[in-house]
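Heads up, run.cif below (mmCIF, C-alpha atoms):
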```cif
data_structure
loop_
_atom_site.label_atom_id
_atom_site.label_comp_id
_atom_site.auth_asym_id
_atom_site.auth_seq_id
_atom_site.Cartn_x
_atom_site.Cartn_y
_atom_site.Cartn_z
CA MET A 1 82.81 114.30 181.82
CA ASN A 2 84.22 111.10 180.32
CA GLY A 3 82.27 109.39 177.57
CA ILE A 4 81.59 105.65 177.60
CA ASN A 5 84.49 104.89 175.26
CA THR A 6 86.89 107.50 176.61
CA THR A 7 89.95 105.98 178.27
CA ILE A 8 90.25 107.05 181.91
CA VAL A 9 93.45 105.14 182.69
CA SER A 10 95.78 103.03 180.55
CA LYS A 11 98.62 101.09 182.16
CA MET A 12 101.18 98.51 181.11
CA ILE A 13 102.13 95.79 183.60
CA SER A 14 105.46 94.31 182.65
CA PRO A 15 106.37 90.63 183.18
CA GLY A 16 106.84 90.07 186.90
CA GLY A 17 105.01 93.31 187.66
CA LYS A 18 102.18 94.12 190.04
CA TRP A 19 99.49 96.75 190.44
CA SER A 20 96.51 97.63 192.60
CA SER A 21 93.86 100.32 192.69
CA ARG A 22 90.47 101.17 194.07
CA ILE A 23 88.07 101.39 191.13
CA LYS A 24 84.58 102.86 191.24
CA ARG A 25 81.45 101.00 190.25
CA GLY A 26 80.42 101.22 186.60
CA LYS A 27 83.89 101.01 185.08
CA GLN A 28 85.08 98.71 182.32
CA ILE A 29 88.54 97.15 182.77
CA THR A 30 90.02 95.59 179.64
CA PHE A 31 93.09 93.35 179.95
CA SER A 32 95.05 92.85 176.72
CA ALA A 33 97.85 90.29 176.21
CA MET A 34 100.74 91.97 174.40
CA GLU A 35 102.46 88.63 173.72
CA ASP A 36 101.57 84.92 173.80
CA GLY A 37 101.37 83.06 177.10
CA ALA A 38 99.90 85.62 179.48
CA ASN A 39 98.84 85.01 183.08
CA VAL A 40 97.59 87.62 185.54
CA SER A 41 96.60 86.62 189.09
CA LEU A 42 93.68 88.74 190.33
CA LEU A 43 92.30 89.48 193.80
CA LEU A 44 89.09 91.46 194.26
CA TYR A 45 87.59 93.15 197.34
CA ASN A 46 84.71 95.46 198.24
CA ALA A 47 86.57 98.78 198.44
CA ASP A 48 84.33 100.03 201.28
CA ASP A 49 84.58 96.84 203.35
CA THR A 50 87.55 94.69 202.41
CA ALA A 51 86.32 91.86 204.65
CA GLU A 52 84.00 91.18 201.69
CA ARG A 53 85.98 89.72 198.82
CA TYR A 54 85.84 87.36 195.83
CA ASN A 55 84.56 83.96 196.90
CA MET A 56 85.81 81.24 194.58
CA PRO A 57 83.60 78.33 195.82
CA ASP A 58 80.37 80.33 195.66
CA THR A 59 81.26 81.82 192.27
CA LEU A 60 81.82 78.40 190.73
CA LYS A 61 78.97 76.60 192.50
CA ALA A 62 76.34 79.23 191.65
CA GLN A 63 77.29 79.25 187.96
CA TYR A 64 77.87 75.49 187.55
CA THR A 65 81.40 75.92 186.25
CA ALA A 66 85.06 75.41 187.13
CA TYR A 67 86.35 78.31 185.01
CA LEU A 68 85.22 81.80 184.05
CA THR A 69 84.40 83.44 180.73
CA LYS A 70 81.94 85.94 179.19
CA GLY A 71 78.65 85.98 181.08
CA ASN A 72 80.16 84.88 184.37
CA VAL A 73 80.30 87.07 187.46
CA LEU A 74 82.75 87.21 190.37
CA LEU A 75 80.67 86.78 193.51
CA SER A 76 81.59 87.97 196.97
CA ASP A 77 81.13 85.95 200.16
CA ASN A 78 77.96 88.01 200.77
CA GLY A 79 76.32 86.82 197.57
CA ARG A 80 76.87 90.08 195.71
CA VAL A 81 78.49 90.77 192.33
CA LEU A 82 81.87 92.46 192.56
CA ALA A 83 82.52 92.35 188.81
CA SER A 84 81.19 90.76 185.63
CA ILE A 85 82.98 89.42 182.56
CA THR A 86 81.33 91.26 179.67
CA GLU A 87 83.76 90.41 176.85
CA ASP A 88 86.28 87.61 176.37
CA SER A 89 88.23 86.47 173.31
CA ILE A 90 89.78 83.51 175.15
CA GLY A 91 86.91 81.49 176.63
CA TRP A 92 88.57 80.07 179.74
CA HIS A 93 90.18 81.70 182.78
CA ASP A 94 91.65 79.53 185.53
CA THR A 95 90.07 79.62 189.01
CA ILE A 96 91.66 76.62 190.72
CA SER A 97 95.46 76.85 190.48
CA GLY A 98 96.16 79.74 192.86
CA TYR A 99 99.26 81.94 192.71
CA CYS A 100 102.92 80.98 192.46
CA THR A 101 105.13 81.22 195.55
CA ARG A 102 108.79 82.14 196.04
CA GLN A 103 109.65 78.49 196.66
CA GLN A 104 107.88 77.33 193.50
CA ILE A 105 109.59 79.94 191.34
CA ASP A 106 113.05 79.16 192.75
CA GLN A 107 112.59 75.41 192.35
CA LYS A 108 111.24 75.65 188.80
CA TYR A 109 113.35 78.42 187.28
CA GLY A 110 116.34 78.79 189.60
CA GLU A 111 117.07 81.21 192.40
CA THR A 112 117.53 84.87 191.55
CA THR A 113 117.97 87.98 193.68
CA TYR A 114 117.22 91.66 193.25
CA GLN A 115 120.83 92.46 194.17
CA GLU A 116 122.01 90.32 191.26
CA LEU A 117 119.48 91.13 188.53
CA ARG A 118 117.66 94.24 189.79
CA ASN A 119 114.21 94.48 188.17
CA ASP A 120 114.84 91.38 186.02
CA TRP A 121 114.79 89.01 188.99
CA TYR A 122 112.03 86.41 189.03
CA GLN A 123 109.05 87.74 190.95
CA ASN A 124 106.41 85.46 192.45
CA GLY A 125 102.67 85.90 192.73
CA GLU A 126 102.42 85.55 196.48
CA GLY A 127 105.09 88.16 197.12
CA ASN A 128 103.62 90.61 194.63
CA LEU A 129 100.10 90.27 196.02
CA ILE A 130 101.31 90.72 199.60
CA VAL A 131 103.14 93.94 198.69
CA GLU A 132 100.01 95.37 197.08
CA LEU A 133 97.82 94.26 199.99
CA PHE A 134 100.08 96.09 202.44
CA ARG A 135 99.96 99.20 200.27
CA ASN A 136 96.20 99.16 200.74
CA GLY A 137 96.17 98.62 204.49
CA LEU A 138 95.68 94.84 204.35
CA THR A 139 97.90 91.96 205.49
CA THR A 140 98.85 88.41 204.56
CA SER A 141 95.68 87.21 206.32
CA ASP A 142 93.72 88.89 203.51
CA LEU A 143 95.19 86.65 200.80
CA SER A 144 92.46 84.59 199.18
CA PRO A 145 91.91 82.48 196.04
CA VAL A 146 92.75 84.25 192.80
CA VAL A 147 91.44 84.23 189.27
CA ASN A 148 94.25 83.59 186.78
CA LEU A 149 93.22 85.60 183.75
CA PHE A 150 94.42 84.18 180.40
CA SER A 151 95.28 80.68 181.74
CA LYS A 152 93.51 77.38 181.11
CA VAL A 153 93.79 74.50 183.57
CA SER A 154 91.53 71.49 183.01
CA CYS A 155 90.92 68.29 184.96
CA ASP A 156 90.56 64.73 183.64
CA ASP A 157 88.13 62.11 184.95
CA GLU A 158 90.62 61.10 187.65
CA GLY A 159 90.95 64.67 188.91
CA ASN A 160 94.41 65.29 187.49
CA THR A 161 95.01 68.89 186.46
CA GLN A 162 96.53 69.85 183.13
CA PHE A 163 97.93 73.26 182.22
CA VAL A 164 97.19 74.10 178.58
CA GLN A 165 100.20 75.68 176.91
CA GLY A 166 99.52 78.18 174.14
CA HIS A 167 96.01 78.95 175.39
CA THR A 168 96.39 82.72 175.09
CA LYS A 169 97.76 84.52 172.04
CA LYS A 170 99.04 88.04 171.51
CA GLY A 171 96.07 90.39 171.20
CA ASP A 172 93.64 88.36 173.30
CA LYS A 173 91.44 90.45 175.59
CA VAL A 174 89.08 90.05 178.54
CA THR A 175 86.89 92.80 179.99
CA LEU A 176 85.54 93.12 183.53
CA ARG A 177 82.74 95.51 184.50
CA THR A 178 82.76 96.66 188.11
CA GLU A 179 79.36 96.25 189.80
CA MET A 180 80.55 97.70 193.14
CA ASP A 181 83.40 99.96 194.21
CA VAL A 182 86.26 97.46 194.32
CA LEU A 183 89.89 97.08 195.29
CA LEU A 184 91.67 95.29 192.45
CA VAL A 185 95.04 93.62 193.12
CA LEU A 186 97.11 92.10 190.29
CA SER A 187 100.31 90.10 189.80
CA ASN A 188 101.72 89.45 186.33
CA THR A 189 103.57 86.24 187.20
CA PRO A 190 103.51 82.65 185.86
CA ASN A 191 100.67 80.27 186.65
CA PRO A 192 101.95 77.80 189.28
CA LEU A 193 101.10 74.89 186.96
CA ASP A 194 102.78 76.40 183.89
CA THR A 195 104.96 73.69 182.30
CA ASN A 196 107.25 76.15 180.52
CA LYS A 197 110.87 75.56 181.55
CA THR A 198 111.75 79.25 181.38
CA TYR A 199 110.32 82.12 183.41
CA THR A 200 108.06 83.90 180.96
CA THR A 201 104.96 86.05 181.21
CA ALA A 202 103.52 88.53 178.73
CA PRO A 203 103.23 92.28 179.20
CA ILE A 204 99.61 93.19 179.94
CA GLU A 205 97.88 96.43 178.98
CA ILE A 206 95.03 97.55 181.22
CA THR A 207 92.54 100.08 179.89
CA ILE A 208 89.79 101.51 182.09
CA THR A 209 86.75 103.30 180.66
CA ASP A 210 83.21 104.05 181.80
CA ALA A 211 80.86 101.10 181.28
CA GLU A 212 77.38 101.11 179.81
CA PRO A 213 74.64 100.71 182.47
CA VAL A 214 73.39 97.16 183.03
CA LYS A 215 70.33 96.57 180.84
CA GLU A 216 67.60 93.97 181.14
CA ASP A 217 69.10 91.87 178.32
CA ASP A 218 72.61 91.93 179.84
CA VAL A 219 74.49 88.66 179.25
CA CYS A 220 75.88 88.52 182.79
CA LEU A 221 72.58 89.34 184.46
CA ASN A 222 70.81 86.58 182.53
CA HIS A 223 73.54 83.94 182.50
CA ARG A 224 71.86 82.01 185.33
CA PRO A 225 69.00 82.67 187.77
CA GLU A 226 71.65 82.79 190.51
CA ASN A 227 73.34 85.67 188.70
CA ARG A 228 70.15 87.73 188.71
CA ARG A 229 69.66 87.13 192.43
CA ALA A 230 73.25 88.23 193.08
CA PHE A 231 72.70 91.41 191.04
CA GLU A 232 69.52 92.10 193.03
CA ASN A 233 71.48 91.65 196.27
CA THR A 234 74.08 94.10 194.94
CA TRP A 235 71.52 96.70 193.90
CA GLU A 236 69.82 96.50 197.30
CA TYR A 237 73.19 97.00 199.01
CA LEU A 238 73.92 100.03 196.83
CA LEU A 239 70.50 101.55 197.48
CA LEU A 240 70.88 101.17 201.24
CA SER A 241 74.56 102.10 201.58
CA LYS A 242 75.09 104.52 198.71
CA GLY A 243 71.62 106.01 198.26
CA GLY A 244 71.31 104.74 194.69
CA ILE A 245 72.73 102.47 192.02
CA GLN A 246 73.87 105.08 189.50
#
```

Once you've parsed the file, please lay out its structure as structure tokens.
Amino acid sequence: MNGINTTIVSKMISPGGKWSSRIKRGKQITFSAMEDGANVSLLLYNADDTAERYNMPDTLKAQYTAYLTKGNVLLSDNGRVLASITEDSIGWHDTISGYCTRQQIDQKYGETTYQELRNDWYQNGEGNLIVELFRNGLTTSDLSPVVNLFSKVSCDDEGNTQFVQGHTKKGDKVTLRTEMDVLLVLSNTPNPLDTNKTYTTAPIEITITDAEPVKEDDVCLNHRPENRRAFENTWEYLLLSKGGIQ
């Protein structure tokens, strides 16, 4: 049996790469930036009922925030916790910019083709996410707002958005703890608001281990009263559908 700190899976997602997997509850997923300037677009679904997925408006409204960091949770549209952010060396992950499209990538960095450059052609977030959705029996209608791990996008008093270059450095990490069985879908492609003139993203290492059980003093559980209610909703769901929460 795996110990808490024993690595179950370790993967490297190269620039322009994509990945998806169903991940059981009680796992710890650590994302590590192997170079400066990382951005990973993330979709999250209930693995047993993919109609339930990450709900950006409810997540932000319930936690009185426009970005995510340690202590925050990713809420579903049923008011349950899909995953929690238990560790974070960065302090700000973008929730409002969405994913880059083929048109945006071609306009910003120039058109490329697989026939011309093979695996070095410029991938886009939308295309990557769609491929992974289809691999898991979903369609384009299942695309939804993403979390852009490692990116910072702020707004001024007039509502203008600003992408913060240099926000993430080599070695930065963020850790998610799964609170339900989830389907995780990832695209390692540039943030659509990235002001860099060249197509660049950083390789990302993903390490999955068993997580410690949620304790009464847990930072995510106690971040806000709304978080606790969402955890209670999740535990009730697990008791009724799974026969327990362990």

For the file shown, what are the residues hit by the PyMOL selection byres ((chain A and resi 151-154) around 10), laid out as a PDB file with C-alpha atoms, in the coordinates of the input?
```pdb
ATOM      1  CA  GLY A  37     101.370  83.060 177.100  1.00  0.00           C
ATOM      2  CA  ALA A  38      99.900  85.620 179.480  1.00  0.00           C
ATOM      3  CA  ASN A  39      98.840  85.010 183.080  1.00  0.00           C
ATOM      4  CA  VAL A  40      97.590  87.620 185.540  1.00  0.00           C
ATOM      5  CA  SER A  41      96.600  86.620 189.090  1.00  0.00           C
ATOM      6  CA  ALA A  66      85.060  75.410 187.130  1.00  0.00           C
ATOM      7  CA  TYR A  67      86.350  78.310 185.010  1.00  0.00           C
ATOM      8  CA  LEU A  68      85.220  81.800 184.050  1.00  0.00           C
ATOM      9  CA  ILE A  90      89.780  83.510 175.150  1.00  0.00           C
ATOM     10  CA  GLY A  91      86.910  81.490 176.630  1.00  0.00           C
ATOM     11  CA  TRP A  92      88.570  80.070 179.740  1.00  0.00           C
ATOM     12  CA  HIS A  93      90.180  81.700 182.780  1.00  0.00           C
ATOM     13  CA  ASP A  94      91.650  79.530 185.530  1.00  0.00           C
ATOM     14  CA  THR A  95      90.070  79.620 189.010  1.00  0.00           C
ATOM     15  CA  ILE A  96      91.660  76.620 190.720  1.00  0.00           C
ATOM     16  CA  SER A  97      95.460  76.850 190.480  1.00  0.00           C
ATOM     17  CA  VAL A 147      91.440  84.230 189.270  1.00  0.00           C
ATOM     18  CA  ASN A 148      94.250  83.590 186.780  1.00  0.00           C
ATOM     19  CA  LEU A 149      93.220  85.600 183.750  1.00  0.00           C
ATOM     20  CA  PHE A 150      94.420  84.180 180.400  1.00  0.00           C
ATOM     21  CA  CYS A 155      90.920  68.290 184.960  1.00  0.00           C
ATOM     22  CA  ASP A 156      90.560  64.730 183.640  1.00  0.00           C
ATOM     23  CA  GLY A 159      90.950  64.670 188.910  1.00  0.00           C
ATOM     24  CA  ASN A 160      94.410  65.290 187.490  1.00  0.00           C
ATOM     25  CA  THR A 161      95.010  68.890 186.460  1.00  0.00           C
ATOM     26  CA  GLN A 162      96.530  69.850 183.130  1.00  0.00           C
ATOM     27  CA  PHE A 163      97.930  73.260 182.220  1.00  0.00           C
ATOM     28  CA  VAL A 164      97.190  74.100 178.580  1.00  0.00           C
ATOM     29  CA  GLN A 165     100.200  75.680 176.910  1.00  0.00           C
ATOM     30  CA  GLY A 166      99.520  78.180 174.140  1.00  0.00           C
ATOM     31  CA  HIS A 167      96.010  78.950 175.390  1.00  0.00           C
ATOM     32  CA  THR A 168      96.390  82.720 175.090  1.00  0.00           C
ATOM     33  CA  PRO A 190     103.510  82.650 185.860  1.00  0.00           C
ATOM     34  CA  ASN A 191     100.670  80.270 186.650  1.00  0.00           C
ATOM     35  CA  LEU A 193     101.100  74.890 186.960  1.00  0.00           C
ATOM     36  CA  ASP A 194     102.780  76.400 183.890  1.00  0.00           C
TER      37      ASP A 194
END
```

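Closest approach to Lys108 (chain A) from the set A:Leu74, A:Val9, A:Met34, A:Tyr122 is made by A:Tyr122, with distances taken over all atoms listed in the file.
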
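Comparing the minimum interatomic distances between Leu183 (chain A) and each of A:Leu60, A:Cys220, A:Cys100, A:Ile23, counting only C-alpha atoms, we find that A:Ile23 sits nearest.
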
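The space between CA of Gln123 (chain A) and CA of Arg135 (chain A) spans 17.3 Å.
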
Name the residues in contact with Ile85 (chain A) at a cut-off of 6 Å, using only C-alpha atoms, excluding same-chain residues fewer than 2 positions from it; report them as a list in words. Lys70, Gly71, Asn72, Glu87, Thr175 and Leu176 of chain A

Once the PyMOL selection byres ((chain A and resi 205) around 12) is applied to the coordinates I shared, what remains selected? I want it as a VMD selection string. chain A and resid 9 to 15 17 19 29 to 35 38 40 170 to 175 188 202 to 204 206 to 208

Give me the result of the PyMOL selection byres ((chain A and resi 209) around 10) on this file, residue by residue, as JSON, numbers by chain. {"A": [2, 3, 4, 5, 6, 7, 8, 9, 10, 26, 27, 28, 29, 30, 177, 207, 208, 210, 211, 212]}

Min atom-atom distance to Leu75 (chain A) from the set A:Asn55, A:Gln107, A:Thr113, A:Gln63, counting all atoms listed in the file, belongs to A:Asn55

With 12 Å as the threshold, what does the neighbourhood of (78.5, 91.8, 192.5) contain in terms of residues, counting only C-alpha atoms? Coordinates are those of the file; answer as number ranges by chain. A: 25-26, 44-46, 52-55, 59, 72-85, 176-182, 220-221, 226-238

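CA of Pro225 (chain A) sits 14.2 Å away from CA of Thr65 (chain A).
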
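Note that the spacing between CA of Asp36 (chain A) and CA of Thr201 (chain A) amounts to 8.2 Å.
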
One residue among A:Val185, A:Arg224, A:Ser21, A:Ser89 is nearest to Thr69 (chain A) when using all atoms listed in the file, and that residue is A:Ser89

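Distance annotation: of A:Glu158, A:Glu126, A:Asp142, A:Asp58, the residue with the minimal separation from Tyr99 (chain A) is A:Glu126; atom set is only C-alpha atoms.
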
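Nearest-residue note for Thr50 (chain A): choosing from A:Asn128, A:Thr189, A:Thr139, A:Gln104, the minimum distance belongs to A:Thr139, counting all atoms listed in the file.
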
To test the calculation: enclose all listed atoms of region 187-199 of chain A in a box whose edges run along x, y and z, add 6 Å on each side, then state centre and edge lengths in Å to one decimal, as lines of an AutoDock Vina configuration file.
```
center_x = 106.0
center_y = 81.9
center_z = 185.2
size_x = 23.4
size_y = 28.4
size_z = 21.3
```
